[in-house]
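Text of coords_7.csv (CSV, C-alpha atoms and all ligand atoms) as supplied:
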chain,number,residue,atom,x,y,z
A,223,MET,CA,-29.9,-6.5,13.2
A,224,LYS,CA,-28.7,-9.5,11.2
A,225,LEU,CA,-30.1,-12.9,10.2
A,226,SER,CA,-27.6,-15.3,8.7
A,227,GLY,CA,-29.3,-18.3,7.3
A,228,ALA,CA,-31.9,-18.4,10.0
A,229,THR,CA,-35.1,-20.5,9.4
A,230,LEU,CA,-38.4,-20.9,11.2
A,231,SER,CA,-40.7,-23.9,11.3
A,232,TYR,CA,-43.9,-24.8,13.0
A,233,GLY,CA,-43.9,-28.5,13.4
A,234,LYS,CA,-42.8,-29.9,10.1
A,235,GLN,CA,-43.9,-26.8,8.1
A,236,GLN,CA,-41.0,-24.5,7.4
A,237,VAL,CA,-42.5,-21.0,7.2
A,238,ILE,CA,-39.2,-19.0,6.8
A,239,ALA,CA,-36.6,-20.5,4.4
A,240,PRO,CA,-33.0,-19.8,5.2
A,241,VAL,CA,-32.8,-16.0,5.3
A,242,HIS,CA,-29.8,-13.7,5.0
A,243,LEU,CA,-30.8,-10.2,6.0
A,244,GLU,CA,-29.1,-7.2,7.5
A,245,ILE,CA,-30.9,-4.1,8.7
A,246,ASN,CA,-28.4,-1.3,9.0
A,247,PRO,CA,-28.7,1.7,11.4
A,248,GLY,CA,-30.6,4.5,9.7
A,249,GLU,CA,-32.6,2.3,7.5
A,250,HIS,CA,-36.4,2.3,7.4
A,251,VAL,CA,-37.7,-0.8,5.8
A,252,ALA,CA,-41.2,-2.0,4.6
A,253,LEU,CA,-42.0,-5.7,4.7
A,254,VAL,CA,-44.7,-6.6,2.1
A,255,GLY,CA,-46.3,-9.8,0.9
A,256,ARG,CA,-49.6,-11.7,0.9
A,257,SER,CA,-51.3,-12.9,4.0
A,258,GLY,CA,-49.4,-15.9,5.2
A,259,ALA,CA,-46.2,-15.0,3.4
A,260,GLY,CA,-44.3,-14.9,6.7
A,261,LYS,CA,-44.1,-11.2,7.6
A,262,SER,CA,-45.0,-11.7,11.3
A,263,SER,CA,-42.7,-14.7,11.5
A,264,LEU,CA,-39.8,-12.7,10.1
A,265,LEU,CA,-40.5,-9.7,12.4
A,266,ASN,CA,-40.5,-12.0,15.4
A,267,MET,CA,-37.2,-13.5,14.3
A,268,LEU,CA,-35.7,-10.0,14.1
A,269,TYR,CA,-37.2,-9.1,17.5
A,270,GLN,CA,-35.7,-12.1,19.1
A,271,GLN,CA,-32.3,-11.1,17.7
A,272,ALA,CA,-32.6,-7.5,18.9
A,273,ALA,CA,-35.1,-7.5,21.8
A,274,GLU,CA,-32.9,-5.2,24.0
A,275,ARG,CA,-32.7,-2.5,21.3
A,276,ALA,CA,-36.2,-2.9,19.7
A,277,ALA,CA,-39.8,-2.0,20.5
A,278,LEU,CA,-42.3,-4.4,18.9
A,279,CYS,CA,-45.8,-3.3,18.0
A,280,PRO,CA,-47.6,-6.6,17.5
A,281,GLN,CA,-50.5,-7.3,15.1
A,282,SER,CA,-52.8,-8.2,18.0
A,283,TYR,CA,-52.2,-5.1,20.1
A,284,GLY,CA,-51.9,-6.8,23.5
A,285,LEU,CA,-53.4,-3.8,25.2
A,286,VAL,CA,-55.1,-4.1,28.7
A,287,ALA,CA,-58.6,-3.2,27.7
A,288,PRO,CA,-60.0,-2.1,31.1
A,289,LEU,CA,-57.1,0.3,31.6
A,290,SER,CA,-56.8,3.8,30.1
A,291,VAL,CA,-54.8,5.0,27.1
A,292,TYR,CA,-52.4,6.7,29.6
A,293,HIS,CA,-51.8,3.4,31.5
A,294,ASN,CA,-51.3,1.4,28.3
A,295,ILE,CA,-48.9,3.8,26.8
A,296,TYR,CA,-47.0,4.1,30.2
A,297,MET,CA,-46.5,0.3,30.0
A,298,GLY,CA,-43.9,0.9,27.4
A,299,GLN,CA,-41.6,2.0,30.1
A,300,LEU,CA,-42.5,-0.5,32.9
A,301,PRO,CA,-39.2,-2.3,32.5
A,302,ARG,CA,-37.2,0.9,33.1
A,303,HIS,CA,-38.5,1.5,36.7
A,304,ASN,CA,-38.9,-0.6,39.8
A,305,ALA,CA,-42.2,-2.2,40.8
A,306,LEU,CA,-43.0,0.4,43.5
A,307,TYR,CA,-42.4,3.3,41.2
A,308,ASN,CA,-44.6,1.7,38.6
A,309,LEU,CA,-47.4,0.9,41.0
A,310,CYS,CA,-47.4,4.5,42.4
A,311,ASN,CA,-47.4,6.0,38.9
A,312,LEU,CA,-50.2,3.7,37.7
A,313,LEU,CA,-52.3,4.6,40.7
A,314,ARG,CA,-51.6,8.3,40.6
A,315,PRO,CA,-49.4,9.4,37.6
A,316,TRP,CA,-46.3,11.5,38.4
A,317,ALA,CA,-46.5,14.9,36.7
A,318,THR,CA,-43.4,14.3,34.5
A,319,ARG,CA,-44.6,10.9,33.2
A,320,ARG,CA,-48.1,12.3,32.7
A,321,ALA,CA,-46.7,15.2,30.7
A,322,GLU,CA,-44.6,12.8,28.5
A,323,VAL,CA,-47.5,10.4,27.8
A,324,ALA,CA,-49.9,13.3,27.2
A,325,GLU,CA,-47.5,14.8,24.6
A,326,LEU,CA,-47.2,11.5,22.9
A,327,ALA,CA,-51.0,11.0,23.0
A,328,ALA,CA,-51.4,14.4,21.4
A,329,GLU,CA,-49.1,13.4,18.5
A,330,LEU,CA,-51.3,10.3,18.0
A,331,GLY,CA,-54.5,12.3,18.1
A,332,LEU,CA,-55.6,10.7,21.4
A,333,SER,CA,-55.6,13.7,23.7
A,334,ASP,CA,-59.3,13.5,24.4
A,335,LYS,CA,-59.1,9.8,25.2
A,336,LEU,CA,-56.1,9.9,27.5
A,337,PHE,CA,-58.1,8.6,30.5
A,338,SER,CA,-60.7,6.6,28.6
A,339,ALA,CA,-60.5,2.8,28.9
A,340,VAL,CA,-59.1,1.1,25.9
A,341,ALA,CA,-62.2,-1.1,25.7
A,342,GLU,CA,-64.2,2.0,24.8
A,343,LEU,CA,-62.0,3.0,21.9
A,344,SER,CA,-62.4,2.5,18.2
A,345,GLY,CA,-60.2,0.0,16.4
A,346,GLY,CA,-58.0,2.8,15.0
A,347,GLN,CA,-57.7,4.5,18.4
A,348,GLN,CA,-56.7,1.2,19.9
A,349,GLN,CA,-54.1,0.8,17.2
A,350,ARG,CA,-52.7,4.2,17.9
A,351,THR,CA,-52.5,3.4,21.6
A,352,ALA,CA,-50.5,0.3,20.7
A,353,ILE,CA,-48.1,2.5,18.6
A,354,GLY,CA,-47.9,4.9,21.5
A,355,ARG,CA,-46.8,2.1,23.9
A,356,ALA,CA,-44.1,1.1,21.5
A,357,LEU,CA,-43.0,4.7,20.9
A,358,TYR,CA,-42.8,5.3,24.7
A,359,GLN,CA,-40.2,2.6,24.9
A,360,GLN,CA,-37.8,5.0,23.2
A,361,ALA,CA,-35.9,2.1,21.7
A,362,PRO,CA,-33.5,2.7,18.7
A,363,ILE,CA,-35.4,0.2,16.5
A,364,PHE,CA,-39.1,-0.1,15.9
A,365,LEU,CA,-40.6,-3.4,14.6
A,366,GLY,CA,-44.2,-3.0,13.6
A,367,ASP,CA,-46.6,-5.7,12.4
A,368,GLU,CA,-49.2,-3.9,10.3
A,369,PRO,CA,-49.3,-1.0,12.8
A,370,VAL,CA,-51.4,1.2,10.6
A,371,SER,CA,-53.8,-1.3,9.1
A,372,SER,CA,-56.9,0.2,10.9
A,373,VAL,CA,-56.4,3.9,10.1
A,374,ASP,CA,-57.2,6.0,7.0
A,375,PRO,CA,-54.5,6.4,4.4
A,376,LEU,CA,-53.5,10.0,5.4
A,377,GLN,CA,-53.3,9.1,9.0
A,378,ALA,CA,-51.3,6.0,8.1
A,379,LYS,CA,-48.7,8.1,6.3
A,380,LEU,CA,-48.4,10.6,9.2
A,381,LEU,CA,-48.0,7.7,11.7
A,382,ILE,CA,-45.3,6.1,9.6
A,383,GLU,CA,-43.5,9.4,9.5
A,384,LEU,CA,-43.9,9.8,13.3
A,385,ILE,CA,-42.5,6.3,13.9
A,386,GLN,CA,-39.6,6.8,11.6
A,387,SER,CA,-38.7,10.3,13.0
A,388,ARG,CA,-38.5,8.7,16.5
A,389,HIS,CA,-36.4,5.7,15.6
A,390,GLN,CA,-32.9,5.2,14.2
A,391,SER,CA,-34.2,2.2,12.2
A,392,SER,CA,-37.5,0.5,11.6
A,393,VAL,CA,-39.0,-2.5,9.9
A,394,ILE,CA,-42.8,-2.3,9.3
A,395,ALA,CA,-45.0,-5.0,7.8
A,396,LEU,CA,-47.8,-3.5,5.8
A,397,HIS,CA,-50.3,-4.2,3.0
A,398,ASN,CA,-50.6,-0.6,1.7
A,399,LYS,CA,-48.5,-0.6,-1.5
A,400,GLN,CA,-48.6,3.2,-2.0
A,401,LEU,CA,-47.2,3.7,1.5
A,402,ALA,CA,-44.5,1.1,0.9
A,403,LEU,CA,-43.4,2.9,-2.3
A,404,SER,CA,-43.5,6.4,-0.9
A,405,CYS,CA,-42.4,6.3,2.7
A,406,PHE,CA,-39.5,3.7,2.9
A,407,ASP,CA,-35.8,3.6,2.0
A,408,ARG,CA,-36.0,-0.1,1.4
A,409,VAL,CA,-38.8,-2.6,0.6
A,410,ILE,CA,-38.5,-6.3,1.2
A,411,GLY,CA,-41.0,-8.5,-0.6
A,412,LEU,CA,-41.8,-11.9,1.0
A,413,ASP,CA,-43.5,-14.9,-0.7
A,414,GLN,CA,-44.0,-18.2,1.0
A,415,GLY,CA,-41.3,-17.5,3.5
A,416,LYS,CA,-38.6,-16.5,1.0
A,417,ILE,CA,-37.3,-13.0,0.1
A,418,LEU,CA,-38.4,-12.3,-3.4
A,419,PHE,CA,-36.9,-8.9,-3.7
A,420,ASP,CA,-35.0,-6.5,-1.5
A,421,LEU,CA,-34.9,-3.1,-3.2
A,422,SER,CA,-34.5,0.6,-2.4
A,423,GLY,CA,-37.9,2.4,-2.4
A,424,ASP,CA,-36.7,4.4,-5.5
A,425,ALA,CA,-35.8,1.2,-7.5
A,426,LEU,CA,-39.0,-0.7,-6.8
A,427,THR,CA,-41.8,-0.4,-9.3
A,428,ALA,CA,-45.6,-0.6,-8.7
A,429,ALA,CA,-45.6,-3.6,-11.1
A,430,GLN,CA,-43.0,-5.5,-9.0
A,431,LEU,CA,-45.1,-4.9,-5.9
A,432,ASP,CA,-48.3,-6.0,-7.7
A,433,ALA,CA,-46.7,-9.2,-8.9
A,434,LEU,CA,-46.3,-10.2,-5.2
A,435,TYR,CA,-50.1,-10.4,-4.9
A,436,VAL,CA,-50.8,-12.4,-8.0
A,437,ASP,CA,-51.4,-16.2,-7.7
A,438,ALA,CA,-48.4,-18.2,-9.1
B,1,LIG,N1,-48.3,-20.4,15.7
B,1,LIG,C1,-48.4,-20.9,14.5
B,1,LIG,N2,-48.5,-22.3,14.4
B,1,LIG,C2,-48.5,-22.9,13.2
B,1,LIG,N3,-48.3,-22.2,12.0
B,1,LIG,C3,-48.2,-20.8,12.1
B,1,LIG,C4,-48.2,-20.2,13.3
B,1,LIG,N4,-48.1,-18.8,13.1
B,1,LIG,C5,-48.0,-18.7,11.8
B,1,LIG,N5,-48.1,-19.9,11.2
B,1,LIG,C6,-48.0,-20.1,9.7
B,1,LIG,O1,-46.8,-19.5,9.2
B,1,LIG,C7,-47.1,-18.9,8.0
B,1,LIG,C8,-46.6,-17.5,8.0
B,1,LIG,O2,-47.5,-16.8,8.9
B,1,LIG,P1,-47.3,-15.2,9.3
B,1,LIG,O3,-48.2,-14.9,10.4
B,1,LIG,O4,-45.8,-15.0,9.5
B,1,LIG,O5,-47.7,-14.5,7.9
B,1,LIG,P2,-48.0,-13.0,7.6
B,1,LIG,O6,-47.3,-12.7,6.3
B,1,LIG,O7,-47.7,-12.1,8.8
B,1,LIG,O8,-49.6,-13.0,7.4
B,1,LIG,P3,-50.7,-11.8,7.6
B,1,LIG,O9,-50.5,-10.8,6.6
B,1,LIG,O10,-52.0,-12.6,7.4
B,1,LIG,O11,-50.5,-11.3,9.0
B,1,LIG,C9,-48.5,-19.1,7.6
B,1,LIG,O12,-48.6,-20.2,6.8
B,1,LIG,C10,-49.2,-19.4,9.0
B,1,LIG,O13,-50.3,-20.3,8.8

Mind converting the file's structure to structure tokens?
Ligand SMILES: Nc1ncnc2c1ncn2[C@@H]1O[C@H](COP(=O)(O)OP(=O)(O)OP(=O)(O)O)[C@@H](O)[C@H]1O
Amino acid sequence: MKLSGATLSYGKQQVIAPVHLEINPGEHVALVGRSGAGKSSLLNMLYQQAAERAALCPQSYGLVAPLSVYHNIYMGQLPRHNALYNLCNLLRPWATRRAEVAELAAELGLSDKLFSAVAELSGGQQQRTAIGRALYQQAPIFLGDEPVSSVDPLQAKLLIELIQSRHQSSVIALHNKQLALSCFDRVIGLDQGKILFDLSGDALTAAQLDALYVDA
């Protein structure tokens, strides 16, 4: 994935300044910055550039609330099958698809909720369902917009490790500084639509991260 001088504006407001960024195969990247820094905007620009190879887990999960966890996770593979196959499977899950989704749900700690409606789940359970739908796409690249913001720190770490183990590359926006420092090869700091630093996880210090969150 590569952005060469791309920008993004809403009306007259430029929210992403010309950005030069390449995410290489094998890299797992954290995107950090204050609220409004441009993380979602940058992720969407990356997604537009690599939509056919990437699964996007958006900040507002986009789940279908009356449907079950099973159905929402299965939706990750809707584009792979024809309409009749999908309809039959959604009405009465095929054994293979059911086993695949059940295995994924188990890894996400959702086994006991597999056939519960998403509307009846906690915020963290809904978030894990959204991660499941993105994982089920089985794309090489995962783009996540604060995908672990609603779960506890230990679960967040395990989920990041699960996401990374199932994708060749990933870019994940997050506010958890400890996770950014401990779980990623590379950390990109954004401020007012500009890349302030782009460092390996080992080279980045907690002080550099903290500076991102201090008023100029
Ligand atoms: N649809 C939109 N129309 C107009 N301005 C927008 C729109 N979406 C985002 N913006 C503006 O673009 C800037 C960057 O927003 P963005 O959502 O990318 O930030 P963010 O770093 O993801 O924030 P957060 O951590 O709060 O999710 C903000 O100033 C925001 O107000």

Could the residues that lie within 9 Å of ligand LIG 1 (chain B), counting all atoms listed in the file, be listed as an mmCIF file with C-alpha atoms, keeping the file's coordinate frame?
data_model
loop_
_atom_site.group_PDB
_atom_site.id
_atom_site.type_symbol
_atom_site.label_atom_id
_atom_site.label_comp_id
_atom_site.auth_asym_id
_atom_site.auth_seq_id
_atom_site.Cartn_x
_atom_site.Cartn_y
_atom_site.Cartn_z
ATOM 1 C CA LEU A 230 -38.400 -20.900 11.200
ATOM 2 C CA SER A 231 -40.700 -23.900 11.300
ATOM 3 C CA TYR A 232 -43.900 -24.800 13.000
ATOM 4 C CA GLY A 233 -43.900 -28.500 13.400
ATOM 5 C CA GLN A 235 -43.900 -26.800 8.100
ATOM 6 C CA GLN A 236 -41.000 -24.500 7.400
ATOM 7 C CA VAL A 237 -42.500 -21.000 7.200
ATOM 8 C CA ILE A 238 -39.200 -19.000 6.800
ATOM 9 C CA LEU A 253 -42.000 -5.700 4.700
ATOM 10 C CA VAL A 254 -44.700 -6.600 2.100
ATOM 11 C CA GLY A 255 -46.300 -9.800 0.900
ATOM 12 C CA ARG A 256 -49.600 -11.700 0.900
ATOM 13 C CA SER A 257 -51.300 -12.900 4.000
ATOM 14 C CA GLY A 258 -49.400 -15.900 5.200
ATOM 15 C CA ALA A 259 -46.200 -15.000 3.400
ATOM 16 C CA GLY A 260 -44.300 -14.900 6.700
ATOM 17 C CA LYS A 261 -44.100 -11.200 7.600
ATOM 18 C CA SER A 262 -45.000 -11.700 11.300
ATOM 19 C CA SER A 263 -42.700 -14.700 11.500
ATOM 20 C CA LEU A 264 -39.800 -12.700 10.100
ATOM 21 C CA LEU A 265 -40.500 -9.700 12.400
ATOM 22 C CA ASN A 266 -40.500 -12.000 15.400
ATOM 23 C CA GLN A 281 -50.500 -7.300 15.100
ATOM 24 C CA ASP A 367 -46.600 -5.700 12.400
ATOM 25 C CA GLU A 368 -49.200 -3.900 10.300
ATOM 26 C CA ALA A 395 -45.000 -5.000 7.800
ATOM 27 C CA LEU A 396 -47.800 -3.500 5.800
ATOM 28 C CA HIS A 397 -50.300 -4.200 3.000
ATOM 29 C CA LEU A 412 -41.800 -11.900 1.000
ATOM 30 C CA ASP A 413 -43.500 -14.900 -0.700
ATOM 31 C CA GLN A 414 -44.000 -18.200 1.000
ATOM 32 C CA GLY A 415 -41.300 -17.500 3.500
#

List the spatial neighbours of Phe364 in chain A as a PDB file with C-alpha atoms, in the frame of the given file - criterion: any atom at most 9 Å away, all atoms listed in the file, same-chain residues fewer than 5 positions off excluded.
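Dumped everything to around_29.pdb:
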ATOM      1  CA  ARG A 275     -32.700  -2.500  21.300  1.00  0.00           C
ATOM      2  CA  ALA A 276     -36.200  -2.900  19.700  1.00  0.00           C
ATOM      3  CA  ALA A 277     -39.800  -2.000  20.500  1.00  0.00           C
ATOM      4  CA  LEU A 278     -42.300  -4.400  18.900  1.00  0.00           C
ATOM      5  CA  CYS A 279     -45.800  -3.300  18.000  1.00  0.00           C
ATOM      6  CA  ALA A 356     -44.100   1.100  21.500  1.00  0.00           C
ATOM      7  CA  LEU A 357     -43.000   4.700  20.900  1.00  0.00           C
ATOM      8  CA  ILE A 385     -42.500   6.300  13.900  1.00  0.00           C
ATOM      9  CA  GLN A 386     -39.600   6.800  11.600  1.00  0.00           C
ATOM     10  CA  ARG A 388     -38.500   8.700  16.500  1.00  0.00           C
ATOM     11  CA  HIS A 389     -36.400   5.700  15.600  1.00  0.00           C
ATOM     12  CA  GLN A 390     -32.900   5.200  14.200  1.00  0.00           C
ATOM     13  CA  SER A 391     -34.200   2.200  12.200  1.00  0.00           C
ATOM     14  CA  SER A 392     -37.500   0.500  11.600  1.00  0.00           C
ATOM     15  CA  VAL A 393     -39.000  -2.500   9.900  1.00  0.00           C
ATOM     16  CA  ILE A 394     -42.800  -2.300   9.300  1.00  0.00           C
TER      17      ILE A 394
END

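Every protein, DNA or RNA residue with an atom at most 9 Å from Ala228 in chain A, where only C-alpha atoms count and chain neighbours fewer than 5 positions away do not, is listed here: Ile238, Ala239, Pro240, Val241, His242 and Met267 of chain A.
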
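Around Gln400 in chain A, within 12 Å and counting only C-alpha atoms, the residues found are Ala252, Val254, Pro375, Leu376, Ala378, Lys379, Phe406, Val409, Gly423, Leu426, Thr427, Ala428, Ala429, Leu431 and Asp432 of chain A, once anything fewer than 6 positions away on its own chain is removed.
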
With 12 Å as the threshold, what does the neighbourhood of (-34.4, -5.4, 26.5) contain in terms of residues, counting all atoms listed in the file? Coordinates are those of the file; answer as a PyMOL selection string. chain A and resi 269-278+298-302+359-363

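Here the question is which of A:Glu342, A:Asp374, A:Asp424, A:Glu383 gets nearest to Glu329 in chain A using all atoms listed in the file, and that residue is A:Glu383.
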
Residue among A:Cys310, A:Leu225, A:Val251, A:Leu365 lying closest to Gly411 in chain A, counting only C-alpha atoms: A:Val251

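Taking all atoms listed in the file, the non-local environment of Arg319 in chain A within 8 Å (same-chain residues fewer than 4 positions away omitted) comprises Tyr296, Pro315 and Val323 of chain A.
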
With a distance cut-off of 12 Å and all atoms listed in the file, select the neighbouring residues of Asp334 in chain A, excluding the residue or stretch itself and same-chain residues fewer than 5 positions from it, and output the selection as a list of chain:residue names. A:Ser290, A:Val291, A:Tyr292, A:Ala324, A:Glu325, A:Ala327, A:Ala328, A:Glu329, A:Ala339, A:Leu343, A:Gln347

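Of the listed residues A:Val373, A:Leu285, A:Leu268, A:Ile245, the one whose atoms come nearest to Ala341 in chain A is A:Leu285, with distances taken using all atoms listed in the file.
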
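If all atoms listed in the file are the atoms counted, then among A:Ile382, A:Leu332, A:Gln377, A:Gly346 the closest residue to Cys405 in chain A is A:Ile382.
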
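CA of Tyr358 in chain A is found 16.9 Å from CA of Lys335 in chain A.
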
Gap from CA of Met297 in chain A to CA of Met223 in chain A - Å, one decimal: 24.6 Å

First collect every listed atom of range 333-342 of chain A; then fit an axis-aligned box around them, widen it by 4 Å on each side, and give centre and edge lengths in Å to one decimal, as AutoDock Vina command-line options.
--center_x -59.9 --center_y 6.3 --center_z 27.1 --size_x 16.6 --size_y 22.8 --size_z 14.8
